[in-house]
$ cat work.cif   # mmCIF, C-alpha atoms
data_query
#
loop_
_atom_site.group_PDB
_atom_site.id
_atom_site.type_symbol
_atom_site.label_atom_id
_atom_site.label_comp_id
_atom_site.auth_asym_id
_atom_site.auth_seq_id
_atom_site.Cartn_x
_atom_site.Cartn_y
_atom_site.Cartn_z
ATOM 1 C CA MET A 1 8.906 10.733 22.892
ATOM 2 C CA THR A 2 5.785 11.485 20.840
ATOM 3 C CA VAL A 3 4.197 8.668 18.866
ATOM 4 C CA ASN A 4 3.223 9.679 15.332
ATOM 5 C CA MET A 5 -0.499 8.950 15.195
ATOM 6 C CA LYS A 6 -0.878 10.493 11.728
ATOM 7 C CA LEU A 7 0.393 7.337 10.024
ATOM 8 C CA GLU A 8 -1.526 4.275 8.892
ATOM 9 C CA ASP A 9 0.800 2.118 11.028
ATOM 10 C CA GLN A 10 2.321 3.108 14.349
ATOM 11 C CA TYR A 11 5.546 1.668 15.748
ATOM 12 C CA ASN A 12 3.727 -1.225 17.415
ATOM 13 C CA ASP A 13 2.161 -2.258 14.083
ATOM 14 C CA VAL A 14 5.628 -2.354 12.530
ATOM 15 C CA LEU A 15 6.921 -4.560 15.340
ATOM 16 C CA LYS A 16 4.003 -6.978 14.996
ATOM 17 C CA LYS A 17 4.454 -7.229 11.236
ATOM 18 C CA PHE A 18 8.140 -8.014 11.544
ATOM 19 C CA ARG A 19 7.620 -10.602 14.267
ATOM 20 C CA TYR A 20 4.803 -12.204 12.257
ATOM 21 C CA GLY A 21 6.912 -12.304 9.112
ATOM 22 C CA ARG A 22 10.006 -13.606 10.878
ATOM 23 C CA LYS A 23 7.981 -16.327 12.649
ATOM 24 C CA VAL A 24 9.473 -15.332 15.998
ATOM 25 C CA GLY A 25 7.620 -16.056 19.239
ATOM 26 C CA LEU A 26 7.606 -13.585 22.107
ATOM 27 C CA ARG A 27 9.685 -15.859 24.301
ATOM 28 C CA ALA A 28 12.316 -16.352 21.613
ATOM 29 C CA LEU A 29 12.422 -12.606 20.966
ATOM 30 C CA SER A 30 12.798 -11.967 24.683
ATOM 31 C CA ASP A 31 15.677 -14.432 24.843
ATOM 32 C CA THR A 32 17.554 -12.841 21.933
ATOM 33 C CA THR A 33 16.976 -9.206 22.938
ATOM 34 C CA GLY A 34 16.990 -9.457 26.721
ATOM 35 C CA ILE A 35 13.722 -7.502 26.820
ATOM 36 C CA PRO A 36 11.172 -8.964 29.280
ATOM 37 C CA MET A 37 8.115 -10.528 27.685
ATOM 38 C CA ASP A 38 5.760 -8.149 29.489
ATOM 39 C CA SER A 39 7.653 -5.220 27.979
ATOM 40 C CA LEU A 40 7.460 -6.778 24.513
ATOM 41 C CA ARG A 41 3.713 -7.238 24.924
ATOM 42 C CA GLY A 42 3.425 -3.601 25.906
ATOM 43 C CA MET A 43 5.469 -2.523 22.889
ATOM 44 C CA GLU A 44 3.203 -4.434 20.538
ATOM 45 C CA ALA A 45 0.140 -3.017 22.287
ATOM 46 C CA GLY A 46 1.491 0.503 21.888
ATOM 47 C CA THR A 47 1.701 1.164 25.623
ATOM 48 C CA VAL A 48 5.493 0.809 25.981
ATOM 49 C CA ILE A 49 7.943 2.713 23.781
ATOM 50 C CA PRO A 50 11.286 0.959 23.221
ATOM 51 C CA SER A 51 14.425 2.785 24.264
ATOM 52 C CA ALA A 52 17.184 3.440 21.725
ATOM 53 C CA ASP A 53 19.069 0.355 22.944
ATOM 54 C CA GLU A 54 15.905 -1.738 22.753
ATOM 55 C CA TRP A 55 15.243 -0.560 19.196
ATOM 56 C CA ALA A 56 18.753 -1.610 18.264
ATOM 57 C CA SER A 57 18.240 -5.057 19.813
ATOM 58 C CA LEU A 58 14.839 -5.524 18.188
ATOM 59 C CA GLY A 59 16.246 -4.523 14.818
ATOM 60 C CA THR A 60 19.198 -6.876 15.122
ATOM 61 C CA SER A 61 16.932 -9.769 16.100
ATOM 62 C CA MET A 62 14.384 -9.178 13.334
ATOM 63 C CA GLY A 63 16.575 -7.874 10.552
ATOM 64 C CA PHE A 64 15.777 -4.166 10.304
ATOM 65 C CA ASN A 65 17.456 -0.912 11.285
ATOM 66 C CA GLY A 66 15.915 -0.009 14.618
ATOM 67 C CA ASN A 67 17.314 3.521 14.568
ATOM 68 C CA VAL A 68 15.332 4.381 11.440
ATOM 69 C CA MET A 69 12.093 4.192 13.428
ATOM 70 C CA GLU A 70 12.764 7.539 15.106
ATOM 71 C CA ARG A 71 12.882 9.420 11.789
ATOM 72 C CA LEU A 72 9.115 9.271 11.214
ATOM 73 C CA HIS A 73 7.341 7.108 13.777
ATOM 74 C CA PHE A 74 8.296 9.470 16.597
ATOM 75 C CA ALA A 75 8.361 12.694 14.572
ATOM 76 C CA PRO A 76 4.762 13.737 13.764
ATOM 77 C CA GLU A 77 6.053 17.016 12.350
ATOM 78 C CA ARG A 78 7.758 15.091 9.527
ATOM 79 C CA THR A 79 4.566 13.416 8.344
ATOM 80 C CA PRO A 80 4.327 14.084 4.607
ATOM 81 C CA CYS A 81 1.647 16.582 3.631
ATOM 82 C CA LEU A 82 1.887 16.574 -0.130
ATOM 83 C CA SER A 83 -0.185 18.044 -2.932
ATOM 84 C CA LEU A 84 -0.571 15.541 -5.736
ATOM 85 C CA PRO A 85 -0.428 16.573 -9.401
ATOM 86 C CA SER A 86 -3.708 18.009 -10.678
ATOM 87 C CA SER A 87 -4.072 14.944 -12.885
ATOM 88 C CA VAL A 88 -4.743 12.780 -9.807
ATOM 89 C CA LEU A 89 -7.798 13.166 -7.576
ATOM 90 C CA PRO A 90 -7.711 11.129 -4.343
ATOM 91 C CA VAL A 91 -11.161 10.196 -3.068
ATOM 92 C CA ARG A 92 -11.498 9.016 0.504
ATOM 93 C CA GLU A 93 -14.015 6.246 1.054
ATOM 94 C CA ASP A 94 -15.388 4.765 4.245
ATOM 95 C CA TYR A 95 -15.158 0.985 4.148
ATOM 96 C CA PHE A 96 -17.171 -0.232 7.132
ATOM 97 C CA GLY A 97 -15.666 2.543 9.245
ATOM 98 C CA TYR A 98 -12.162 2.119 7.828
ATOM 99 C CA ALA A 99 -10.687 4.952 5.745
ATOM 100 C CA VAL A 100 -9.420 3.893 2.324
ATOM 101 C CA TRP A 101 -8.158 5.843 -0.671
ATOM 102 C CA THR A 102 -9.321 5.382 -4.218
ATOM 103 C CA TYR A 103 -8.003 7.514 -7.080
ATOM 104 C CA LEU A 104 -9.214 9.104 -10.277
ATOM 105 C CA VAL A 105 -6.528 9.867 -12.858
ATOM 106 C CA PHE A 106 -7.516 12.363 -15.530
ATOM 107 C CA HIS A 107 -6.537 11.914 -19.166
ATOM 108 C CA PRO A 108 -3.830 14.389 -20.268
ATOM 109 C CA GLY A 109 -5.759 15.370 -23.380
ATOM 110 C CA SER A 110 -9.372 14.950 -22.314
ATOM 111 C CA PRO A 111 -10.338 15.939 -18.735
ATOM 112 C CA LYS A 112 -13.674 14.134 -18.996
ATOM 113 C CA ARG A 113 -11.900 10.789 -19.377
ATOM 114 C CA ALA A 114 -10.289 9.059 -16.438
ATOM 115 C CA LEU A 115 -8.884 5.908 -14.933
ATOM 116 C CA LEU A 116 -10.124 4.562 -11.607
ATOM 117 C CA VAL A 117 -7.330 3.063 -9.499
ATOM 118 C CA ASP A 118 -8.870 0.770 -6.882
ATOM 119 C CA THR A 119 -12.483 1.037 -5.834
ATOM 120 C CA GLY A 120 -12.339 1.843 -2.127
ATOM 121 C CA GLY A 121 -14.966 -0.853 -1.815
ATOM 122 C CA LEU A 122 -17.069 1.447 -4.043
ATOM 123 C CA GLY A 123 -18.922 3.351 -1.403
ATOM 124 C CA GLU A 124 -21.095 6.297 -2.290
ATOM 125 C CA THR A 125 -18.368 8.940 -2.560
ATOM 126 C CA ILE A 126 -16.468 7.663 -5.589
ATOM 127 C CA CYS A 127 -19.635 6.838 -7.544
ATOM 128 C CA GLN A 128 -21.060 10.280 -6.793
ATOM 129 C CA THR A 129 -17.774 11.920 -7.791
ATOM 130 C CA ILE A 130 -17.681 10.139 -11.144
ATOM 131 C CA GLU A 131 -21.294 11.088 -11.820
ATOM 132 C CA LYS A 132 -20.945 14.686 -10.654
ATOM 133 C CA MET A 133 -17.861 15.253 -12.791
ATOM 134 C CA ASP A 134 -19.515 13.483 -15.733
ATOM 135 C CA LEU A 135 -16.480 11.283 -16.247
ATOM 136 C CA GLU A 136 -16.050 8.436 -18.693
ATOM 137 C CA LEU A 137 -13.850 5.685 -17.286
ATOM 138 C CA ASP A 138 -11.382 4.212 -19.754
ATOM 139 C CA ALA A 139 -10.350 1.460 -17.316
ATOM 140 C CA VAL A 140 -10.279 0.279 -13.732
ATOM 141 C CA LEU A 141 -6.801 -0.590 -12.470
ATOM 142 C CA LEU A 142 -6.820 -2.775 -9.357
ATOM 143 C CA THR A 143 -3.669 -3.046 -7.271
ATOM 144 C CA HIS A 144 -4.888 -6.227 -5.563
ATOM 145 C CA GLY A 145 -8.001 -8.216 -4.823
ATOM 146 C CA HIS A 146 -8.933 -7.294 -1.241
ATOM 147 C CA SER A 147 -12.504 -6.071 -1.000
ATOM 148 C CA ASP A 148 -11.603 -2.552 0.146
ATOM 149 C CA HIS A 149 -9.595 -2.167 -3.066
ATOM 150 C CA ALA A 150 -11.530 -4.250 -5.561
ATOM 151 C CA GLY A 151 -14.977 -4.586 -4.037
ATOM 152 C CA ASP A 152 -18.476 -4.066 -5.446
ATOM 153 C CA LEU A 153 -17.602 -3.347 -9.070
ATOM 154 C CA SER A 154 -21.277 -3.860 -9.871
ATOM 155 C CA ARG A 155 -22.072 -0.524 -8.225
ATOM 156 C CA LEU A 156 -20.424 1.272 -11.152
ATOM 157 C CA GLY A 157 -23.374 0.110 -13.252
ATOM 158 C CA SER A 158 -23.365 1.773 -16.659
ATOM 159 C CA GLN A 159 -20.066 3.483 -15.758
ATOM 160 C CA LEU A 160 -18.260 0.124 -15.640
ATOM 161 C CA PRO A 161 -15.591 0.174 -18.384
ATOM 162 C CA ALA A 162 -14.728 -2.779 -20.574
ATOM 163 C CA LYS A 163 -11.117 -2.874 -19.414
ATOM 164 C CA ILE A 164 -10.551 -3.968 -15.812
ATOM 165 C CA PHE A 165 -7.090 -5.033 -14.756
ATOM 166 C CA LEU A 166 -6.328 -7.459 -11.919
ATOM 167 C CA HIS A 167 -3.760 -10.214 -11.537
ATOM 168 C CA LYS A 168 -5.302 -13.674 -11.750
ATOM 169 C CA ALA A 169 -3.565 -14.733 -8.515
ATOM 170 C CA ASP A 170 -5.994 -12.443 -6.663
ATOM 171 C CA PHE A 171 -9.233 -13.603 -8.295
ATOM 172 C CA SER A 172 -10.037 -15.803 -5.297
ATOM 173 C CA LEU A 173 -9.958 -12.769 -2.982
ATOM 174 C CA LEU A 174 -12.744 -10.953 -4.789
ATOM 175 C CA PRO A 175 -16.135 -10.642 -3.155
ATOM 176 C CA SER A 176 -18.885 -12.342 -5.109
ATOM 177 C CA PRO A 177 -21.058 -12.226 -7.057
ATOM 178 C CA LEU A 178 -19.366 -10.229 -9.796
ATOM 179 C CA PRO A 179 -21.093 -8.721 -12.833
ATOM 180 C CA SER A 180 -21.223 -11.406 -15.500
ATOM 181 C CA ALA A 181 -19.810 -9.014 -18.104
ATOM 182 C CA ILE A 182 -16.492 -8.584 -16.297
ATOM 183 C CA ARG A 183 -13.459 -10.056 -18.008
ATOM 184 C CA PHE A 184 -10.329 -9.216 -16.065
ATOM 185 C CA GLN A 185 -7.170 -8.432 -17.984
ATOM 186 C CA ARG A 186 -3.548 -8.783 -16.984
ATOM 187 C CA PRO A 187 -2.098 -5.721 -15.201
ATOM 188 C CA GLU A 188 1.188 -5.993 -17.089
ATOM 189 C CA GLU A 189 -0.756 -5.431 -20.310
ATOM 190 C CA ALA A 190 -2.355 -2.176 -19.148
ATOM 191 C CA GLY A 191 0.298 -0.008 -20.773
ATOM 192 C CA ASP A 192 -0.028 -1.656 -24.186
ATOM 193 C CA GLN A 193 -3.807 -1.934 -24.117
ATOM 194 C CA LEU A 194 -4.404 1.670 -23.085
ATOM 195 C CA SER A 195 -1.638 3.336 -25.095
ATOM 196 C CA SER A 196 -3.942 3.728 -28.093
ATOM 197 C CA LEU A 197 -6.207 5.835 -25.850
ATOM 198 C CA GLY A 198 -3.336 8.149 -24.980
ATOM 199 C CA TRP A 199 -2.317 6.676 -21.635
ATOM 200 C CA LYS A 200 1.229 5.953 -20.465
ATOM 201 C CA ILE A 201 1.134 3.329 -17.722
ATOM 202 C CA GLY A 202 3.875 1.218 -16.194
ATOM 203 C CA THR A 203 3.041 -1.878 -14.160
ATOM 204 C CA GLN A 204 5.444 -3.057 -11.449
ATOM 205 C CA LYS A 205 5.383 -6.255 -9.425
ATOM 206 C CA ALA A 206 4.510 -5.734 -5.729
ATOM 207 C CA THR A 207 3.743 -9.207 -4.342
ATOM 208 C CA GLY A 208 3.731 -10.115 -0.657
ATOM 209 C CA HIS A 209 0.639 -8.426 0.715
ATOM 210 C CA THR A 210 -1.178 -10.620 -1.788
ATOM 211 C CA SER A 211 0.154 -12.979 -4.433
ATOM 212 C CA GLY A 212 -1.089 -10.725 -7.234
ATOM 213 C CA SER A 213 -0.305 -7.266 -5.866
ATOM 214 C CA VAL A 214 0.987 -4.771 -8.420
ATOM 215 C CA ALA A 215 1.791 -1.057 -8.568
ATOM 216 C CA TYR A 216 0.950 1.293 -11.420
ATOM 217 C CA LEU A 217 3.121 4.238 -12.454
ATOM 218 C CA ILE A 218 1.101 7.025 -14.075
ATOM 219 C CA HIS A 219 2.092 10.711 -14.389
ATOM 220 C CA ASP A 220 5.053 10.252 -11.982
ATOM 221 C CA VAL A 221 2.666 8.899 -9.353
ATOM 222 C CA LEU A 222 3.103 5.327 -8.120
ATOM 223 C CA PHE A 223 -0.147 3.681 -7.027
ATOM 224 C CA VAL A 224 0.958 0.921 -4.665
ATOM 225 C CA GLY A 225 -2.206 -0.318 -2.959
ATOM 226 C CA ASP A 226 -1.016 -1.769 0.358
ATOM 227 C CA ALA A 227 2.513 -2.707 -0.744
ATOM 228 C CA ILE A 228 3.918 0.434 0.908
ATOM 229 C CA PHE A 229 2.576 2.817 3.543
ATOM 230 C CA ALA A 230 4.338 5.943 4.766
ATOM 231 C CA GLY A 231 6.887 4.407 7.123
ATOM 232 C CA SER A 232 5.558 0.888 6.812
ATOM 233 C CA SER A 233 4.105 -1.816 4.564
ATOM 234 C CA GLY A 234 0.890 -3.820 4.410
ATOM 235 C CA LYS A 235 0.879 -7.109 6.293
ATOM 236 C CA ALA A 236 2.195 -10.063 4.317
ATOM 237 C CA GLU A 237 -0.560 -12.503 3.345
ATOM 238 C CA ASN A 238 1.260 -15.160 5.375
ATOM 239 C CA PRO A 239 4.677 -15.419 7.050
ATOM 240 C CA ASP A 240 6.161 -17.214 4.053
ATOM 241 C CA ALA A 241 5.233 -14.219 1.875
ATOM 242 C CA PHE A 242 7.045 -11.744 4.151
ATOM 243 C CA GLN A 243 10.264 -12.063 2.180
ATOM 244 C CA ASN A 244 8.361 -11.124 -0.978
ATOM 245 C CA SER A 245 6.894 -8.101 0.809
ATOM 246 C CA LEU A 246 10.358 -6.872 1.737
ATOM 247 C CA LEU A 247 11.687 -7.478 -1.752
ATOM 248 C CA SER A 248 8.724 -5.626 -3.257
ATOM 249 C CA VAL A 249 9.279 -2.585 -1.044
ATOM 250 C CA GLN A 250 12.959 -2.582 -1.889
ATOM 251 C CA HIS A 251 12.310 -3.084 -5.612
ATOM 252 C CA LEU A 252 9.744 -0.279 -5.832
ATOM 253 C CA LEU A 253 11.866 2.174 -3.869
ATOM 254 C CA THR A 254 15.004 1.358 -5.855
ATOM 255 C CA LEU A 255 13.425 1.218 -9.318
ATOM 256 C CA ASN A 256 11.641 4.581 -9.169
ATOM 257 C CA ASN A 257 12.985 8.126 -8.968
ATOM 258 C CA PRO A 258 13.210 9.756 -5.510
ATOM 259 C CA SER A 259 10.733 12.466 -6.559
ATOM 260 C CA THR A 260 8.050 9.939 -7.547
ATOM 261 C CA PHE A 261 4.889 10.261 -5.465
ATOM 262 C CA ILE A 262 3.705 7.151 -3.642
ATOM 263 C CA VAL A 263 -0.027 6.935 -3.021
ATOM 264 C CA SER A 264 -1.238 4.044 -0.914
ATOM 265 C CA GLY A 265 -4.583 2.563 -0.088
ATOM 266 C CA HIS A 266 -4.362 4.034 3.401
ATOM 267 C CA GLY A 267 -2.544 6.818 5.189
ATOM 268 C CA PRO A 268 -0.532 9.851 4.049
ATOM 269 C CA PHE A 269 0.869 10.300 0.558
ATOM 270 C CA THR A 270 4.661 10.145 0.436
ATOM 271 C CA THR A 271 7.554 9.934 -2.026
ATOM 272 C CA VAL A 272 10.123 7.328 -2.987
ATOM 273 C CA GLY A 273 12.901 9.492 -1.544
ATOM 274 C CA MET A 274 11.159 9.902 1.789
ATOM 275 C CA GLU A 275 10.523 6.176 2.121
ATOM 276 C CA ARG A 276 14.139 5.370 1.368
ATOM 277 C CA GLU A 277 15.004 7.502 4.394
ATOM 278 C CA TRP A 278 12.518 6.310 7.005
ATOM 279 C CA ASN A 279 10.751 3.118 5.965
ATOM 280 C CA PRO A 280 12.122 0.216 8.085
ATOM 281 C CA PHE A 281 11.071 -2.287 5.417
ATOM 282 C CA PHE A 282 13.382 -0.702 2.829
ATOM 283 C CA ASN A 283 16.781 -1.873 4.070
ATOM 284 C CA ALA A 284 15.512 -4.879 6.020
ATOM 285 C CA ASN A 285 17.220 -8.220 5.464
ATOM 286 C CA PRO A 286 14.822 -10.281 3.304
ATOM 287 C CA ILE A 287 16.453 -13.672 3.786
ATOM 288 C CA MET A 288 16.822 -14.225 7.549
ATOM 289 C CA ASN A 289 14.469 -17.210 7.408
ATOM 290 C CA ALA A 290 15.974 -18.727 4.292
#
$ encode --input "work.cif" --output "structure tokens"
Amino acid sequence: MTVNMKLEDQYNDVLKKFRYGRKVGLRALSDTTGIPMDSLRGMEAGTVIPSADEWASLGTSMGFNGNVMERLHFAPERTPCLSLPSSVLPVREDYFGYAVWTYLVFHPGSPKRALLVDTGGLGETICQTIEKMDLELDAVLLTHGHSDHAGDLSRLGSQLPAKIFLHKADFSLLPSPLPSAIRFQRPEEAGDQLSSLGWKIGTQKATGHTSGSVAYLIHDVLFVGDAIFAGSSGKAENPDAFQNSLLSVQHLLTLNNPSTFIVSGHGPFTTVGMEREWNPFFNANPIMNA
């Protein structure tokens, strides 16, 4: 069986996230599944691949469909390789050696105007791209407050727009100091506040990875930050938030059309329909610990 290394998360990352969220110790998981603890350690280290029966047992114990893992996590040839609409330009940044996506969204009526969705930590690439393309930013839309998504806004300098959207629950996550001129606005108001500039933006709740995580729907592209990865989901901010993470994945994948593109902070681009098929967080039981 070939492990899909093209994804942001491999099978062992998924297992660790479920065990973390379910608050299940290795010994307890071994007792319920009958899998030796050494084997479980190897599975989480990525050195042991569960058998079909073991996947079924792990899924039953931690509330997900174990069989769904084979559809993407062991099928590299199925990794999505999608071309986004021309209105969206993904820019790959290097955040202390860690690849992260940031996105420019071009205005439908004025190609020199754009939105910046997440900052990628604002390394050199995105700033150079904005300058080279001579873009005017109408707004910065932040999916959440982690520094690889909302960091170093000061580096935008004169390109920093007046409208910057971030949920107040994530203010404490921001790296400091921040430019004194910044006044964050509520993500759910982005659609109303930017409609006069010709933008159509929908904001959708995506809590769990952080308390203030949101997703933005623009041009049939859903910008989810770390709420969803191809075949996985970002780690819940704490085990008690894991239920919210599952509910967010399920809400986003149910609310939006199957053809809607999903672009994450990390990893391959995907679609709502694809994630309904192979994301183990989609049909997972959110209330096992209730």
$ resolve_selection --input "work.cif" --expression "the PyMOL selection byres ((chain A and resi 189) around 12)" --output "PyMOL selection string"
chain A and resi 141+163-167+184-188+190-195+200-204+216
$ resolve_selection --input "work.cif" --expression "the PyMOL selection byres ((chain A and resi 45) around 12)" --output "PyMOL selection string"
chain A and resi 10-16+38-44+46-50
$ residues_around --input "work.cif" --residues "Gly212 of chain A" --least-positions-apart "3" --cutoff "8 Å" --atoms "only C-alpha atoms" --output "PDB file with C-alpha atoms, in the frame of the given file"
ATOM      1  CA  HIS A 144      -4.888  -6.227  -5.563  1.00  0.00           C
ATOM      2  CA  GLY A 145      -8.001  -8.216  -4.823  1.00  0.00           C
ATOM      3  CA  LEU A 166      -6.328  -7.459 -11.919  1.00  0.00           C
ATOM      4  CA  HIS A 167      -3.760 -10.214 -11.537  1.00  0.00           C
ATOM      5  CA  LYS A 168      -5.302 -13.674 -11.750  1.00  0.00           C
ATOM      6  CA  ALA A 169      -3.565 -14.733  -8.515  1.00  0.00           C
ATOM      7  CA  ASP A 170      -5.994 -12.443  -6.663  1.00  0.00           C
ATOM      8  CA  ALA A 206       4.510  -5.734  -5.729  1.00  0.00           C
ATOM      9  CA  THR A 207       3.743  -9.207  -4.342  1.00  0.00           C
TER      10      THR A 207
END
$ resolve_selection --input "work.cif" --expression "the PyMOL selection byres ((chain A and resi 92) around 12)" --output "compact mmCIF listing (two decimals) with C-alpha atoms, in the frame of the given file"
# COMPACT_ATOMS: atom_id res chain seq x y z
CA LEU A 89 -7.80 13.17 -7.58
CA PRO A 90 -7.71 11.13 -4.34
CA VAL A 91 -11.16 10.20 -3.07
CA GLU A 93 -14.02 6.25 1.05
CA ASP A 94 -15.39 4.76 4.24
CA TYR A 95 -15.16 0.98 4.15
CA GLY A 97 -15.67 2.54 9.24
CA TYR A 98 -12.16 2.12 7.83
CA ALA A 99 -10.69 4.95 5.74
CA VAL A 100 -9.42 3.89 2.32
CA TRP A 101 -8.16 5.84 -0.67
CA THR A 102 -9.32 5.38 -4.22
CA TYR A 103 -8.00 7.51 -7.08
CA LEU A 104 -9.21 9.10 -10.28
CA ASP A 118 -8.87 0.77 -6.88
CA THR A 119 -12.48 1.04 -5.83
CA GLY A 120 -12.34 1.84 -2.13
CA GLY A 121 -14.97 -0.85 -1.82
CA LEU A 122 -17.07 1.45 -4.04
CA GLY A 123 -18.92 3.35 -1.40
CA GLU A 124 -21.10 6.30 -2.29
CA THR A 125 -18.37 8.94 -2.56
CA ILE A 126 -16.47 7.66 -5.59
CA CYS A 127 -19.64 6.84 -7.54
CA THR A 129 -17.77 11.92 -7.79
CA ASP A 148 -11.60 -2.55 0.15
CA HIS A 149 -9.60 -2.17 -3.07
CA SER A 264 -1.24 4.04 -0.91
CA GLY A 265 -4.58 2.56 -0.09
CA HIS A 266 -4.36 4.03 3.40
CA GLY A 267 -2.54 6.82 5.19
CA PRO A 268 -0.53 9.85 4.05
$ closest_residue --input "work.cif" --among "A:His219, A:Lys205, A:Lys6, A:Arg155" --to "His73 of chain A" --atoms "all atoms listed in the file"
A:Lys6
$ closest_residue --input "work.cif" --among "A:Val272, A:Leu255, A:Val117, A:Ala241" --to "Ile228 of chain A" --atoms "only C-alpha atoms"
A:Val272
$ atom_distance --input "work.cif" --atom1 "atom CA of Gly21 of chain A" --atom2 "atom CA of Ala150 of chain A"
24.9 Å
$ closest_residue --input "work.cif" --among "A:Ser248, A:Ser211, A:Arg19, A:Gly157" --to "Phe171 of chain A" --atoms "all atoms listed in the file"
A:Ser211
$ atom_distance --input "work.cif" --atom1 "atom CA of Pro179 of chain A" --atom2 "atom CA of Ala215 of chain A"
24.5 Å
